[in-house]
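Below you'll find the structure, written out as structure tokens, and then a few comments.
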Amino acid sequence: MNLTGQQHAEAAQALREATATAAFIAPLRERFPAMDADDAYAIQTLNTNMRTSGGQRIVGRKIGLTSLAVQRQLGVDQPDFGVLFDDMSYGDDEAIPMSRLHQPKIEAEVAFVLEREIASENPGHAEVLSAIAYALPALEIVGSRVAEWNIRFVDTVADNASSGAYVLGASPMSIHGLDLRLAGMALLRRGEPVSTGAGAACLGHPVNAVVWLARTLARLGTPLRAGDVVLSGALGPMVPVRAGDVFEAHVNGLGSVRAVFENSVKEIA
């Protein structure tokens with residue numbers, strides 16, 4: 001780490017204020033030029049602790065930067081992760097208030113739900129596979145508290161990996177017999193295709209992303225737990241969201257999931 005604890009606290013507060021007011025901020029990397037990845041995760045952790053101390057529950061994790069092209073764009077060689085809280089989840093076809101979102105964009109993913117903890121320090125693929133209860137198609141609504149999405153790696157990590165909200169499909173599927181690497185994805189806005197991809201776009205296979213996350217969190221002493229939701233990463237390009245939009249994602253072998261956005265932006269309290 002290169003920043004002081006006081007600087008971590010200042011950065012965390014700036015992100016909280018942007019979340020509350022939708023007055024988006026300049027990139028943290030410009031305000032704190034010495035910030036490195038460890039600093040960014042420390043800032044993320046400060047805001048995670050603030051939210052849990054306020055009564056919110058951690059229900060899982062999201063993995064970001066699983067596209068090699070995006071990693072190259074941001075000058076990194078690994079994904080990142082953020083925290084999923086209980087108030088971020090919406091049901092299939094449930095109205096999502098625009099007031100909860102920040103410069104929203106949407107992407108289709110494979111979500112996994114675990115049936116047991118993955119606590120070993122270096123879990124292998126077989127261990128991760130055996131810990132997965134089922135898979136679901138998912139839509140992640142990403143958001144940024146940084147103005148105009150002017151982000152690099154440290155900006156998105158500090159900002160809880162640019163998290164916002166997510167929608168899970170309602171029909172859990174066993175992963176046994178599924179070839180998720182070749183699973184095709186189509187994301188539609190009101191019936192018109194706006195993004196396509198496949199499981200291979202997510203670190204070669206969505207399970208590869210979960211293995212990376214399980215190893216990373218185990219080393220940090222915060223292993224994936226039974227019941228955790230894991231959003232494994234985008235299967236295709238993300239798409240901007242507007243008020244009144246309706247998106248539906250189809251993932252071969254997993255079915256579909258639908259996100260509906262309210263027509264009007266309500267005032268933030």
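All residue names refer to the structure tokens as shown: chains lettered A, B, ... in order, residues numbered from 1 in each chain, ligands numbered from 1 in order.
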Exercise. Would you mind writing down, as a PyMOL selection string, each residue of segment 153-253 of chain A that DSSP on the backbone assigns to strand (DSSP E or B)?
Key: chain A and resi 165-168+173+184-189+192-198+224+229-234+239-240+246-251
Could you take the residues named above and write them with N, CA and C atoms, as a compact mmCIF listing (two decimals), in the first residue's frame?
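Written output follows (again_32.txt):
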```txt
# COMPACT_ATOMS: atom_id res chain seq x y z
N ALA A 165 -26.51 -3.60 -9.17
CA ALA A 165 -27.61 -4.50 -8.83
C ALA A 165 -27.48 -5.75 -9.71
N TYR A 166 -28.32 -6.73 -9.43
CA TYR A 166 -28.32 -7.92 -10.29
C TYR A 166 -29.67 -8.62 -10.23
N VAL A 167 -29.94 -9.39 -11.29
CA VAL A 167 -31.17 -10.15 -11.41
C VAL A 167 -30.79 -11.59 -11.70
N LEU A 168 -31.38 -12.52 -10.95
CA LEU A 168 -31.14 -13.94 -11.19
C LEU A 168 -32.35 -14.57 -11.86
N MET A 173 -30.33 -24.65 -12.33
CA MET A 173 -29.93 -25.78 -13.17
C MET A 173 -28.66 -26.41 -12.60
N GLY A 184 -23.90 -20.34 -25.56
CA GLY A 184 -24.11 -19.07 -26.22
C GLY A 184 -25.02 -18.15 -25.42
N MET A 185 -24.80 -16.84 -25.55
CA MET A 185 -25.61 -15.85 -24.85
C MET A 185 -26.10 -14.81 -25.84
N ALA A 186 -27.37 -14.45 -25.70
CA ALA A 186 -27.92 -13.34 -26.46
C ALA A 186 -28.65 -12.42 -25.49
N LEU A 187 -28.33 -11.14 -25.53
CA LEU A 187 -28.98 -10.13 -24.70
C LEU A 187 -29.84 -9.26 -25.61
N LEU A 188 -31.12 -9.15 -25.28
CA LEU A 188 -32.07 -8.43 -26.10
C LEU A 188 -32.61 -7.23 -25.32
N ARG A 189 -32.77 -6.10 -26.03
CA ARG A 189 -33.51 -4.96 -25.48
C ARG A 189 -34.82 -4.86 -26.24
N GLU A 192 -34.78 -6.78 -29.43
CA GLU A 192 -33.72 -6.51 -30.40
C GLU A 192 -32.37 -6.90 -29.81
N PRO A 193 -31.57 -7.72 -30.52
CA PRO A 193 -30.26 -8.13 -29.98
C PRO A 193 -29.34 -6.92 -29.80
N VAL A 194 -28.71 -6.84 -28.64
CA VAL A 194 -27.77 -5.74 -28.37
C VAL A 194 -26.41 -6.23 -27.89
N SER A 195 -26.32 -7.52 -27.53
CA SER A 195 -25.04 -8.08 -27.09
C SER A 195 -25.10 -9.59 -27.23
N THR A 196 -24.01 -10.17 -27.73
CA THR A 196 -23.92 -11.63 -27.83
C THR A 196 -22.56 -12.09 -27.33
N GLY A 197 -22.48 -13.35 -26.98
CA GLY A 197 -21.22 -13.89 -26.49
C GLY A 197 -21.38 -15.35 -26.11
N ALA A 198 -20.44 -15.84 -25.35
CA ALA A 198 -20.47 -17.24 -24.92
C ALA A 198 -19.64 -17.38 -23.65
N LEU A 224 -15.33 -18.15 0.28
CA LEU A 224 -16.70 -18.29 -0.18
C LEU A 224 -17.45 -19.23 0.76
N VAL A 229 -23.87 -16.30 -3.54
CA VAL A 229 -24.07 -16.10 -4.98
C VAL A 229 -22.75 -15.59 -5.56
N VAL A 230 -22.36 -16.15 -6.69
CA VAL A 230 -21.16 -15.66 -7.39
C VAL A 230 -21.57 -15.28 -8.81
N LEU A 231 -21.44 -14.01 -9.13
CA LEU A 231 -21.60 -13.56 -10.52
C LEU A 231 -20.24 -13.69 -11.18
N SER A 232 -20.15 -14.57 -12.19
CA SER A 232 -18.84 -15.01 -12.66
C SER A 232 -18.20 -14.12 -13.70
N GLY A 233 -18.94 -13.16 -14.26
CA GLY A 233 -18.34 -12.26 -15.24
C GLY A 233 -19.10 -12.24 -16.55
N ALA A 234 -18.94 -11.15 -17.27
CA ALA A 234 -19.73 -10.92 -18.48
C ALA A 234 -19.42 -11.92 -19.58
N VAL A 239 -24.07 -3.01 -22.04
CA VAL A 239 -24.94 -2.12 -22.81
C VAL A 239 -25.50 -1.06 -21.86
N PRO A 240 -25.51 0.22 -22.26
CA PRO A 240 -26.10 1.26 -21.40
C PRO A 240 -27.58 1.00 -21.15
N VAL A 246 -36.33 -2.66 -21.12
CA VAL A 246 -36.59 -4.05 -20.75
C VAL A 246 -35.55 -4.91 -21.46
N PHE A 247 -34.78 -5.67 -20.69
CA PHE A 247 -33.75 -6.54 -21.25
C PHE A 247 -34.07 -7.99 -20.91
N GLU A 248 -33.74 -8.88 -21.85
CA GLU A 248 -33.87 -10.31 -21.59
C GLU A 248 -32.61 -11.01 -22.11
N ALA A 249 -32.03 -11.84 -21.27
CA ALA A 249 -30.84 -12.59 -21.66
C ALA A 249 -31.20 -14.06 -21.77
N HIS A 250 -30.69 -14.69 -22.82
CA HIS A 250 -30.85 -16.13 -23.03
C HIS A 250 -29.46 -16.76 -23.00
N VAL A 251 -29.28 -17.76 -22.15
CA VAL A 251 -28.01 -18.49 -22.08
C VAL A 251 -28.31 -19.96 -22.35
```
Exercise. Please provide as JSON, numbers by chain all residues within 8 Å of segment 9-20 of chain A, with the sequence filter that same-chain residues fewer than 2 positions apart are discarded (counting only C-alpha atoms).
Key: {"A": [5, 6, 7, 22, 23, 24, 25, 28, 43, 44, 46, 47, 102, 145, 158, 159, 268]}
Exercise. Kindly indicate which residue among A:Ala200, A:Leu180, A:Val154, A:Val241 lies nearest to Phe32 of chain A, using only C-alpha atoms for the distances.
Key: A:Val154
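Take the candidates A:Gly253, A:Pro79, A:Pro27, A:Gly60 and check each one against Arg225 of chain A using only C-alpha atoms; the shortest distance goes to A:Gly60.
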Near Pro206 of chain A, counting only C-alpha atoms, which residues have an atom at most 12 Å away, once you skip same-chain residues fewer than 5 positions from it, shown as a PDB file with N, CA and C atoms, in the first residue's frame?
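Wrote result30.pdb, looks like this:
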```pdb
ATOM      1  N   ILE A  63     -17.444 -11.012  -9.839  1.00  0.00           N
ATOM      2  CA  ILE A  63     -16.129 -10.997 -10.458  1.00  0.00           C
ATOM      3  C   ILE A  63     -16.196 -10.068 -11.659  1.00  0.00           C
ATOM      4  N   GLY A  64     -15.203  -9.201 -11.765  1.00  0.00           N
ATOM      5  CA  GLY A  64     -15.136  -8.287 -12.893  1.00  0.00           C
ATOM      6  C   GLY A  64     -13.853  -8.460 -13.678  1.00  0.00           C
ATOM      7  N   THR A  66     -13.203 -10.061 -16.411  1.00  0.00           N
ATOM      8  CA  THR A  66     -12.923 -11.435 -16.841  1.00  0.00           C
ATOM      9  C   THR A  66     -12.645 -11.529 -18.334  1.00  0.00           C
ATOM     10  N   SER A  67     -12.822 -10.438 -19.043  1.00  0.00           N
ATOM     11  CA  SER A  67     -12.475 -10.389 -20.461  1.00  0.00           C
ATOM     12  C   SER A  67     -11.010 -10.015 -20.623  1.00  0.00           C
ATOM     13  N   GLU A 109     -24.553 -12.789 -17.577  1.00  0.00           N
ATOM     14  CA  GLU A 109     -23.553 -13.617 -16.927  1.00  0.00           C
ATOM     15  C   GLU A 109     -24.143 -14.968 -16.539  1.00  0.00           C
ATOM     16  N   VAL A 110     -23.267 -15.849 -16.108  1.00  0.00           N
ATOM     17  CA  VAL A 110     -23.672 -17.071 -15.423  1.00  0.00           C
ATOM     18  C   VAL A 110     -23.450 -16.847 -13.935  1.00  0.00           C
ATOM     19  N   ALA A 111     -24.496 -17.079 -13.151  1.00  0.00           N
ATOM     20  CA  ALA A 111     -24.386 -17.001 -11.693  1.00  0.00           C
ATOM     21  C   ALA A 111     -24.325 -18.412 -11.123  1.00  0.00           C
ATOM     22  N   PHE A 112     -23.540 -18.559 -10.066  1.00  0.00           N
ATOM     23  CA  PHE A 112     -23.453 -19.827  -9.356  1.00  0.00           C
ATOM     24  C   PHE A 112     -23.861 -19.604  -7.906  1.00  0.00           C
ATOM     25  N   HIS A 125     -10.122 -27.028  -9.445  1.00  0.00           N
ATOM     26  CA  HIS A 125     -11.375 -26.966 -10.187  1.00  0.00           C
ATOM     27  C   HIS A 125     -12.372 -28.011  -9.697  1.00  0.00           C
ATOM     28  N   VAL A 128     -14.021 -26.794  -6.505  1.00  0.00           N
ATOM     29  CA  VAL A 128     -14.986 -25.732  -6.775  1.00  0.00           C
ATOM     30  C   VAL A 128     -16.244 -26.300  -7.425  1.00  0.00           C
ATOM     31  N   LEU A 129     -16.067 -27.178  -8.391  1.00  0.00           N
ATOM     32  CA  LEU A 129     -17.230 -27.775  -9.045  1.00  0.00           C
ATOM     33  C   LEU A 129     -18.111 -28.528  -8.056  1.00  0.00           C
ATOM     34  N   ALA A 135     -26.515 -23.464 -11.107  1.00  0.00           N
ATOM     35  CA  ALA A 135     -26.217 -22.275 -11.904  1.00  0.00           C
ATOM     36  C   ALA A 135     -27.511 -21.628 -12.373  1.00  0.00           C
ATOM     37  N   LEU A 136     -27.420 -20.343 -12.675  1.00  0.00           N
ATOM     38  CA  LEU A 136     -28.572 -19.575 -13.139  1.00  0.00           C
ATOM     39  C   LEU A 136     -28.107 -18.551 -14.179  1.00  0.00           C
ATOM     40  N   PRO A 137     -28.964 -18.201 -15.125  1.00  0.00           N
ATOM     41  CA  PRO A 137     -28.651 -17.038 -15.953  1.00  0.00           C
ATOM     42  C   PRO A 137     -28.819 -15.784 -15.105  1.00  0.00           C
ATOM     43  N   ILE A 175     -25.125 -28.076 -12.895  1.00  0.00           N
ATOM     44  CA  ILE A 175     -24.099 -27.865 -13.916  1.00  0.00           C
ATOM     45  C   ILE A 175     -23.613 -29.185 -14.512  1.00  0.00           C
ATOM     46  N   LEU A 178     -23.584 -29.793 -18.387  1.00  0.00           N
ATOM     47  CA  LEU A 178     -23.599 -28.533 -19.126  1.00  0.00           C
ATOM     48  C   LEU A 178     -22.197 -28.188 -19.623  1.00  0.00           C
ATOM     49  N   ASP A 179     -22.113 -27.739 -20.858  1.00  0.00           N
ATOM     50  CA  ASP A 179     -20.841 -27.232 -21.373  1.00  0.00           C
ATOM     51  C   ASP A 179     -20.927 -25.712 -21.369  1.00  0.00           C
ATOM     52  N   LEU A 180     -20.604 -25.124 -20.236  1.00  0.00           N
ATOM     53  CA  LEU A 180     -20.762 -23.677 -20.101  1.00  0.00           C
ATOM     54  C   LEU A 180     -19.750 -22.898 -20.928  1.00  0.00           C
ATOM     55  N   ARG A 181     -18.642 -23.516 -21.285  1.00  0.00           N
ATOM     56  CA  ARG A 181     -17.665 -22.823 -22.126  1.00  0.00           C
ATOM     57  C   ARG A 181     -18.272 -22.475 -23.481  1.00  0.00           C
ATOM     58  N   LEU A 182     -19.079 -23.372 -24.023  1.00  0.00           N
ATOM     59  CA  LEU A 182     -19.668 -23.164 -25.344  1.00  0.00           C
ATOM     60  C   LEU A 182     -21.084 -22.612 -25.269  1.00  0.00           C
ATOM     61  N   ALA A 183     -21.572 -22.333 -24.062  1.00  0.00           N
ATOM     62  CA  ALA A 183     -22.939 -21.833 -23.922  1.00  0.00           C
ATOM     63  C   ALA A 183     -23.055 -20.453 -24.555  1.00  0.00           C
ATOM     64  N   ALA A 198     -20.442 -15.842 -25.348  1.00  0.00           N
ATOM     65  CA  ALA A 198     -20.466 -17.240 -24.923  1.00  0.00           C
ATOM     66  C   ALA A 198     -19.644 -17.378 -23.653  1.00  0.00           C
ATOM     67  N   GLY A 199     -19.757 -18.544 -23.014  1.00  0.00           N
ATOM     68  CA  GLY A 199     -19.052 -18.797 -21.768  1.00  0.00           C
ATOM     69  C   GLY A 199     -17.551 -18.649 -21.880  1.00  0.00           C
ATOM     70  N   ALA A 200     -17.007 -18.919 -23.059  1.00  0.00           N
ATOM     71  CA  ALA A 200     -15.559 -18.832 -23.246  1.00  0.00           C
ATOM     72  C   ALA A 200     -15.038 -17.414 -23.061  1.00  0.00           C
ATOM     73  N   ALA A 201     -15.912 -16.401 -23.159  1.00  0.00           N
ATOM     74  CA  ALA A 201     -15.481 -15.014 -22.983  1.00  0.00           C
ATOM     75  C   ALA A 201     -15.113 -14.712 -21.541  1.00  0.00           C
ATOM     76  N   VAL A 211     -12.950 -20.280  -9.682  1.00  0.00           N
ATOM     77  CA  VAL A 211     -11.728 -20.826  -9.071  1.00  0.00           C
ATOM     78  C   VAL A 211     -10.791 -19.690  -8.685  1.00  0.00           C
ATOM     79  N   TRP A 212     -10.607 -18.728  -9.586  1.00  0.00           N
ATOM     80  CA  TRP A 212      -9.755 -17.575  -9.250  1.00  0.00           C
ATOM     81  C   TRP A 212     -10.273 -16.868  -8.005  1.00  0.00           C
ATOM     82  N   LEU A 213     -11.577 -16.644  -7.951  1.00  0.00           N
ATOM     83  CA  LEU A 213     -12.160 -15.953  -6.803  1.00  0.00           C
ATOM     84  C   LEU A 213     -11.993 -16.761  -5.523  1.00  0.00           C
ATOM     85  N   VAL A 230     -22.357 -16.146  -6.691  1.00  0.00           N
ATOM     86  CA  VAL A 230     -21.163 -15.659  -7.392  1.00  0.00           C
ATOM     87  C   VAL A 230     -21.568 -15.280  -8.814  1.00  0.00           C
ATOM     88  N   LEU A 231     -21.440 -14.009  -9.129  1.00  0.00           N
ATOM     89  CA  LEU A 231     -21.597 -13.558 -10.516  1.00  0.00           C
ATOM     90  C   LEU A 231     -20.240 -13.691 -11.180  1.00  0.00           C
ATOM     91  N   SER A 232     -20.153 -14.569 -12.186  1.00  0.00           N
ATOM     92  CA  SER A 232     -18.841 -15.011 -12.658  1.00  0.00           C
ATOM     93  C   SER A 232     -18.199 -14.119 -13.700  1.00  0.00           C
ATOM     94  N   GLY A 233     -18.944 -13.164 -14.262  1.00  0.00           N
ATOM     95  CA  GLY A 233     -18.337 -12.264 -15.238  1.00  0.00           C
ATOM     96  C   GLY A 233     -19.096 -12.236 -16.548  1.00  0.00           C
ATOM     97  N   ALA A 234     -18.942 -11.153 -17.269  1.00  0.00           N
ATOM     98  CA  ALA A 234     -19.732 -10.916 -18.477  1.00  0.00           C
ATOM     99  C   ALA A 234     -19.420 -11.924 -19.578  1.00  0.00           C
ATOM    100  N   LEU A 235     -20.471 -12.312 -20.300  1.00  0.00           N
ATOM    101  CA  LEU A 235     -20.335 -13.203 -21.459  1.00  0.00           C
ATOM    102  C   LEU A 235     -20.278 -12.428 -22.769  1.00  0.00           C
TER     103      LEU A 235
END
```
Give me the residues near segment 87-91 of chain A as a CSV table (one decimal) with C-alpha atoms, in the first residue's frame, where near means some atom within 12 Å (using only C-alpha atoms) and where sequence neighbours in that chain fewer than 4 positions away do not count.
```csv
chain,number,residue,atom,x,y,z
A,51,ARG,CA,-22.6,-1.2,5.0
A,52,THR,CA,-22.5,-4.3,7.2
A,55,GLY,CA,-27.3,-3.8,8.9
A,56,GLN,CA,-26.7,-4.9,5.3
A,57,ARG,CA,-25.8,-8.5,4.7
A,58,ILE,CA,-23.1,-9.9,2.4
A,59,VAL,CA,-24.8,-12.5,0.1
A,60,GLY,CA,-21.9,-13.2,-2.3
A,61,ARG,CA,-19.3,-11.8,-4.6
A,62,LYS,CA,-19.1,-10.5,-8.2
A,83,VAL,CA,-19.2,-7.6,-2.7
A,95,ALA,CA,-39.2,-3.5,-11.6
A,96,ILE,CA,-35.8,-2.0,-10.8
A,97,PRO,CA,-35.9,1.7,-9.7
A,100,ARG,CA,-30.9,3.0,-7.1
A,101,LEU,CA,-28.5,3.0,-10.0
A,137,PRO,CA,-28.7,-17.0,-16.0
A,138,ALA,CA,-28.1,-13.6,-14.5
A,139,LEU,CA,-28.1,-9.9,-15.5
A,140,GLU,CA,-25.7,-7.6,-13.7
A,141,ILE,CA,-26.4,-3.9,-13.7
A,142,VAL,CA,-23.0,-2.4,-13.2
A,143,GLY,CA,-22.6,1.2,-12.1
A,163,SER,CA,-21.3,-2.9,-8.7
A,164,GLY,CA,-24.9,-1.9,-8.8
A,165,ALA,CA,-27.6,-4.5,-8.8
A,166,TYR,CA,-28.3,-7.9,-10.3
A,167,VAL,CA,-31.2,-10.1,-11.4
A,168,LEU,CA,-31.1,-13.9,-11.2
A,169,GLY,CA,-33.2,-16.3,-13.3
A,170,ALA,CA,-35.7,-18.4,-11.3
A,171,SER,CA,-35.0,-21.9,-12.6
A,229,VAL,CA,-24.1,-16.1,-5.0
A,231,LEU,CA,-21.6,-13.6,-10.5
A,257,VAL,CA,-33.7,-13.9,-17.2
A,258,ARG,CA,-35.5,-10.5,-17.6
A,259,ALA,CA,-34.7,-7.1,-16.2
A,260,VAL,CA,-37.3,-4.3,-16.2
A,261,PHE,CA,-36.4,-0.7,-15.4
```
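Of the listed residues A:Leu3, A:Leu114, A:Leu65, A:Leu254, the one whose atoms come nearest to Asp80 of chain A is A:Leu65, with distances taken using only C-alpha atoms.
Computed from the coordinates, the atom CA of Arg215 of chain A to atom CA of Asn122 of chain A distance equals 5.3 Å.
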Exercise. Give me, please, the distance in Å between atom CA of Arg116 of chain A and atom CA of Gly227 of chain A, quoted to one decimal.
Key: 7.1 Å
Practice problem: Using DSSP on the backbone coordinates, identify the residues of segment 34-193 of chain A assigned to alpha helix (DSSP H); present them as an MDAnalysis selection string. | Solution: chainID A and resid 37:53 68:74 125:131 153:158
Could the residues in this selection be written to a file with N, CA and C atoms, as a CSV table (one decimal), in the first residue's frame?
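part.csv was written with the following content:
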```csv
chain,number,residue,atom,x,y,z
A,37,ALA,N,-3.3,-1.4,-6.1
A,37,ALA,CA,-4.4,-2.3,-5.9
A,37,ALA,C,-4.7,-2.6,-4.5
A,38,ASP,N,-3.7,-2.7,-3.6
A,38,ASP,CA,-4.0,-3.0,-2.2
A,38,ASP,C,-4.7,-1.8,-1.6
A,39,ASP,N,-4.3,-0.6,-1.9
A,39,ASP,CA,-5.0,0.6,-1.5
A,39,ASP,C,-6.5,0.5,-1.9
A,40,ALA,N,-6.7,0.2,-3.2
A,40,ALA,CA,-8.1,0.1,-3.7
A,40,ALA,C,-9.0,-0.9,-3.0
A,41,TYR,N,-8.4,-2.1,-2.7
A,41,TYR,CA,-9.2,-3.1,-1.9
A,41,TYR,C,-9.4,-2.6,-0.5
A,42,ALA,N,-8.4,-1.9,0.1
A,42,ALA,CA,-8.6,-1.4,1.4
A,42,ALA,C,-9.8,-0.4,1.5
A,43,ILE,N,-9.9,0.5,0.5
A,43,ILE,CA,-11.0,1.4,0.4
A,43,ILE,C,-12.3,0.7,0.2
A,44,GLN,N,-12.3,-0.3,-0.7
A,44,GLN,CA,-13.5,-1.1,-0.8
A,44,GLN,C,-13.9,-1.8,0.5
A,45,THR,N,-13.0,-2.3,1.3
A,45,THR,CA,-13.3,-2.9,2.5
A,45,THR,C,-13.8,-1.9,3.5
A,46,LEU,N,-13.3,-0.7,3.6
A,46,LEU,CA,-13.9,0.3,4.5
A,46,LEU,C,-15.4,0.5,4.2
A,47,ASN,N,-15.8,0.6,3.0
A,47,ASN,CA,-17.2,0.8,2.7
A,47,ASN,C,-18.0,-0.4,2.9
A,48,THR,N,-17.4,-1.6,2.6
A,48,THR,CA,-18.1,-2.9,3.0
A,48,THR,C,-18.4,-2.9,4.5
A,49,ASN,N,-17.4,-2.6,5.3
A,49,ASN,CA,-17.6,-2.6,6.7
A,49,ASN,C,-18.7,-1.6,7.2
A,50,MET,N,-18.7,-0.4,6.5
A,50,MET,CA,-19.7,0.6,6.8
A,50,MET,C,-21.1,0.0,6.5
A,51,ARG,N,-21.3,-0.7,5.4
A,51,ARG,CA,-22.6,-1.2,5.0
A,51,ARG,C,-23.0,-2.3,6.0
A,52,THR,N,-22.1,-3.2,6.3
A,52,THR,CA,-22.5,-4.3,7.2
A,52,THR,C,-22.8,-3.8,8.6
A,53,SER,N,-22.0,-2.8,9.1
A,53,SER,CA,-22.3,-2.2,10.4
A,53,SER,C,-23.7,-1.5,10.4
A,68,LEU,N,-10.3,-10.8,-21.4
A,68,LEU,CA,-8.8,-10.5,-21.6
A,68,LEU,C,-8.7,-9.2,-22.3
A,69,ALA,N,-9.6,-8.9,-23.2
A,69,ALA,CA,-9.5,-7.6,-23.9
A,69,ALA,C,-9.7,-6.4,-23.0
A,70,VAL,N,-10.6,-6.5,-22.0
A,70,VAL,CA,-10.8,-5.4,-21.0
A,70,VAL,C,-9.6,-5.3,-20.1
A,71,GLN,N,-9.0,-6.5,-19.7
A,71,GLN,CA,-7.8,-6.5,-18.9
A,71,GLN,C,-6.7,-5.7,-19.6
A,72,ARG,N,-6.5,-6.0,-20.9
A,72,ARG,CA,-5.5,-5.3,-21.6
A,72,ARG,C,-5.7,-3.8,-21.7
A,73,GLN,N,-7.0,-3.5,-21.8
A,73,GLN,CA,-7.4,-2.1,-21.9
A,73,GLN,C,-7.0,-1.3,-20.6
A,74,LEU,N,-7.2,-2.0,-19.5
A,74,LEU,CA,-6.9,-1.3,-18.2
A,74,LEU,C,-5.5,-1.6,-17.7
A,125,HIS,N,-10.1,-27.0,-9.4
A,125,HIS,CA,-11.4,-27.0,-10.2
A,125,HIS,C,-12.4,-28.0,-9.7
A,126,ALA,N,-11.9,-29.2,-9.4
A,126,ALA,CA,-12.8,-30.3,-8.9
A,126,ALA,C,-13.5,-29.9,-7.6
A,127,GLU,N,-12.7,-29.2,-6.7
A,127,GLU,CA,-13.2,-28.8,-5.4
A,127,GLU,C,-14.3,-27.7,-5.6
A,128,VAL,N,-14.0,-26.8,-6.5
A,128,VAL,CA,-15.0,-25.7,-6.8
A,128,VAL,C,-16.2,-26.3,-7.4
A,129,LEU,N,-16.1,-27.2,-8.4
A,129,LEU,CA,-17.2,-27.8,-9.0
A,129,LEU,C,-18.1,-28.5,-8.1
A,130,SER,N,-17.5,-29.2,-7.1
A,130,SER,CA,-18.3,-30.0,-6.2
A,130,SER,C,-19.0,-29.2,-5.2
A,131,ALA,N,-18.5,-27.9,-5.0
A,131,ALA,CA,-19.1,-27.0,-4.0
A,131,ALA,C,-20.3,-26.2,-4.6
A,153,PHE,N,-8.1,0.4,-13.2
A,153,PHE,CA,-8.2,-0.8,-12.3
A,153,PHE,C,-8.5,-0.3,-10.9
A,154,VAL,N,-7.7,0.6,-10.4
A,154,VAL,CA,-7.8,1.0,-9.0
A,154,VAL,C,-9.1,1.8,-8.7
A,155,ASP,N,-9.6,2.5,-9.7
A,155,ASP,CA,-10.9,3.2,-9.6
A,155,ASP,C,-12.1,2.2,-9.4
A,156,THR,N,-12.1,1.2,-10.3
A,156,THR,CA,-13.2,0.2,-10.2
A,156,THR,C,-13.1,-0.6,-9.0
A,157,VAL,N,-11.9,-1.1,-8.6
A,157,VAL,CA,-11.8,-1.9,-7.4
A,157,VAL,C,-12.3,-1.1,-6.1
A,158,ALA,N,-11.8,0.1,-6.0
A,158,ALA,CA,-12.2,0.9,-4.8
A,158,ALA,C,-13.8,1.1,-4.8
```
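Using only C-alpha atoms, the shortest contact distance between Gly75 of chain A and any of A:Val210, A:Ile151, A:Met35, A:Leu217 is found at A:Ile151.
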